[in-house]
Structure formats: structure tokens, C-alpha cells
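One structure is given here, and the rest of the page talks about it.
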Amino acid sequence: MAELITVARPYAEAVYSLATEQGKLDQWSDALSWLAAMVNNPDLAQVVTNPKHTAQEVEALMLDVLGSRGNDEVKRFIAALIENARLTLLPEIAAQFELLKAQSENIVDALVESAFALSDEQKAELTNTLSKKYGKAVRLDVRENADLIGGVRVSVGDDVIDASVRGKLQAMAASLKN
């Protein structure tokens with residue numbers, strides 16, 4: 001995984017720099033999201049990675065699916081990825097681009113796993129608490145995970161706050177082993 005990030009990062013940084021210069025962060029975000037989805041789609045991935053198809057055919061297919069999102073810069077970007085055999089990096093490039101975009105917008109993404117559905121009030125309270133802790137606006141991605149038994153586990157970048165019953169039981173079991 002670290003290798004994918006290492007190879008994808010320069011592409012993401014180059015696209016981010018171009019998008020920033022042009023004032024088109026949202027358009028590039030949209031295009032990269034679509035491109036990543038194409039590569040993740042098993043049917044399209046078979047065509048894109050099949051050596052029987054020429055670079056022109058692959059590029060034409062991708063631009064056709066992109067529709068109006070496929071401007072000249074996106075076309076050149078796709079051509080560069082095809083030329084360097086890097087199309088399969090698109091999901092990671094898109095993820096790295098989104099991280100750069102979020103940093104520039106002073107936003108941090110938080111993955112919240114909860115044993116039960118959170119109310120809007122709980123989400124707002126959690127957002128407020130995390131915003132104070134990180135000094136940034138927080139964008140929550142809330143998912144239910146019954147394996148937690150109770151409580152929540154919050155991941156913000158490399159930080160993990162485990163306030164779940166399962167986490168507490170595991171910590172207790174580990175301390176008893178010592």
C-alpha cells in the first residue's frame with residue numbers, strides 16, 4: 001500500500017497544482033472520482049487493463065464515460081497515465097488529491113464507527129468536539145459496526161480514538177496478560 005501511495009502522490013500533486021492554478025478544484029475532484037470509479041468497476045477494468053486494446057481505444061472509452069468532465073487537461077492526464085502504464089493508480093491518485101484538497105480547505109475527514117445509528121444531535125456534538133480538538137472543520141463519515149458492541153471508534157488520519165466496548169474489553173484482556 002505504501003508503494004501505491006508513493007507512486008500515486010506525484011500525479012495527485014501535479015493535478016492538484018494544475019487545478020489550483022486554474023481554480024478548478026471541484027471539477028478535477030469530480031473527474032478523478034469518475035476515473036477512479038471506472039478503474040474500480042470490474043467490467044471497465046478488464047477493458048482498461050487488457051493489452052489487446054490500444055491506448056487510443058482505452059482513452060476514447062474513458063473520455064466517453066466521462067462525458068463533459070473530460071476536458072483537454074483531463075484528456076492529457078489520461079494519456080499520460082496510459083503512456084506510463086499507471087491507470088490502475090487512479091483510485092489512489094483520487095484519494096491523494098482529495099487529501100490535498102481537504103488540507104487546503106482546512107477540513108479533516110473523520111471515520112466514525114458506531115455500534116448503533118447516531119442521531120443528528122450526536123453527530124453534531126461529535127463534529128463540534130473533533131473540530132475543537134483538530135482546529136479544523138470536520139467532515140464525518142458515519143458507519144454502523146455491530147462488532148463494536150457499544151460506543152464508537154473514531155479515525156482521523158493516523159489518530160484512532162477507540163471508545164467502543166469491544167476496544168475496552170480488548171485493552172482489559174491485554175492488561176490481564178501482562
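Residues are named by chain letter and number: chains run A, B, ... in the order of the C-alpha cells, numbers start at 1 in each chain, and ligands are numbered from 1 in the order shown.
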
### Task
Find the spatial neighbours of Ser114 in chain A, counting only C-alpha atoms, within a cut-off of 12 Å - ignore same-chain residues fewer than 6 positions away - and output them as a list in words.
Gln122, Lys123, Leu126, Asp141, Val142, Arg143, Glu144, Asn145, Ala146, Asp147, Leu148, Ile149, Gly150, Gly151, Val152, Arg153, Val154, Ser155, Ile161, Asp162, Ala163, Ser164, Val165 and Arg166 of chain A

Using only C-alpha atoms, what table do you get, as a Markdown table, when you list each residue of range 56-101 of chain A with an atom no more than 7 Å from range 33-48 of chain A, its nearest pair of atoms, and their distance in Å rounded to one decimal, rows by chain then rising number?
```
| residue | atom | partner | partner_atom | distance |
| --- | --- | --- | --- | --- |
| A:Val58 | CA | A:Val48 | CA | 5.7 |
| A:Leu66 | CA | A:Trp34 | CA | 6.8 |
| A:Thr88 | CA | A:Val39 | CA | 6.3 |
| A:Leu90 | CA | A:Ala36 | CA | 4.9 |
| A:Pro91 | CA | A:Ala36 | CA | 4.3 |
| A:Ala94 | CA | A:Ser33 | CA | 6.2 |
```

### Task
Give me the residues within 12 Å of range 67-78 of chain A as a ChimeraX atom specification, counting only C-alpha atoms and dropping any in the same chain fewer than 3 places off.
/A:11-12,14-16,18-19,22,24,26-36,39,48,55-64,81-90,93

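Note that DSSP on the backbone gives strand (DSSP E or B) to these residues of chain A: Ile107, Val108, Asp109, Ala110, Leu111, Val112, Glu113, Ser114, Ala137, Val138, Arg139, Leu140, Asp141, Val142, Arg143, Glu144, Gly151, Val152, Arg153, Val154, Ser155, Val156, Asp159, Val160, Ile161, Asp162, Ala163 and Ser164 of chain A.
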
Let's have the selection written as a PDB file, in the first residue's frame, with C-alpha atoms.
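Output saved as part-v6.pdb:
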```pdb
ATOM      1  CA  ILE A 107     -11.087  20.219   6.540  1.00  0.00           C
ATOM      2  CA  VAL A 108     -10.310  16.933   8.229  1.00  0.00           C
ATOM      3  CA  ASP A 109     -12.155  13.698   7.442  1.00  0.00           C
ATOM      4  CA  ALA A 110     -13.249  11.521  10.349  1.00  0.00           C
ATOM      5  CA  LEU A 111     -14.447   7.947  10.030  1.00  0.00           C
ATOM      6  CA  VAL A 112     -16.852   7.209  12.864  1.00  0.00           C
ATOM      7  CA  GLU A 113     -17.817   3.616  13.506  1.00  0.00           C
ATOM      8  CA  SER A 114     -20.698   3.188  15.904  1.00  0.00           C
ATOM      9  CA  ALA A 137     -13.772  21.774  10.101  1.00  0.00           C
ATOM     10  CA  VAL A 138     -14.676  18.095  10.318  1.00  0.00           C
ATOM     11  CA  ARG A 139     -16.409  16.019   7.672  1.00  0.00           C
ATOM     12  CA  LEU A 140     -17.928  12.877   9.245  1.00  0.00           C
ATOM     13  CA  ASP A 141     -18.310   9.517   7.555  1.00  0.00           C
ATOM     14  CA  VAL A 142     -20.522   7.554   9.960  1.00  0.00           C
ATOM     15  CA  ARG A 143     -20.843   3.785   9.623  1.00  0.00           C
ATOM     16  CA  GLU A 144     -22.574   1.227  11.796  1.00  0.00           C
ATOM     17  CA  GLY A 151     -19.716   3.015  21.870  1.00  0.00           C
ATOM     18  CA  VAL A 152     -17.753   4.459  18.954  1.00  0.00           C
ATOM     19  CA  ARG A 153     -14.362   4.290  17.269  1.00  0.00           C
ATOM     20  CA  VAL A 154     -13.184   7.465  15.527  1.00  0.00           C
ATOM     21  CA  SER A 155     -10.346   7.539  12.985  1.00  0.00           C
ATOM     22  CA  VAL A 156      -8.884  10.874  11.890  1.00  0.00           C
ATOM     23  CA  ASP A 159      -5.300   9.028  15.110  1.00  0.00           C
ATOM     24  CA  VAL A 160      -7.723   6.429  16.418  1.00  0.00           C
ATOM     25  CA  ILE A 161      -9.966   7.141  19.384  1.00  0.00           C
ATOM     26  CA  ASP A 162     -11.458   3.843  20.484  1.00  0.00           C
ATOM     27  CA  ALA A 163     -14.318   4.403  22.915  1.00  0.00           C
ATOM     28  CA  SER A 164     -16.048   1.149  21.993  1.00  0.00           C
TER      29      SER A 164
END
```

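With only C-alpha atoms as the atoms that count, the residue of A:Ala115, A:Tyr134, A:Arg9, A:Thr127 with the shortest distance to Gly167 in chain A is A:Ala115.
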
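When CA of Glu13 in chain A is paired with CA of Gln96 in chain A, their separation reads 7.9 Å.
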
### Task
Kindly give the distance, in Å, that separates CA of Ser17 in chain A and CA of Leu99 in chain A, rounded to a single decimal.
13.1 Å

## Note on the structure
In Å and to one decimal, CA of Glu3 in chain A is distant from CA of Gln103 in chain A by 22.0 Å

### Message
Please identify the alpha helix (DSSP H) residues within chain A (assignment by DSSP from backbone atoms) and present them as a PyMOL selection string.
### Response
chain A and resi 2-22+25-40+42-49+55-66+72-83+90-104+120-134+165-177
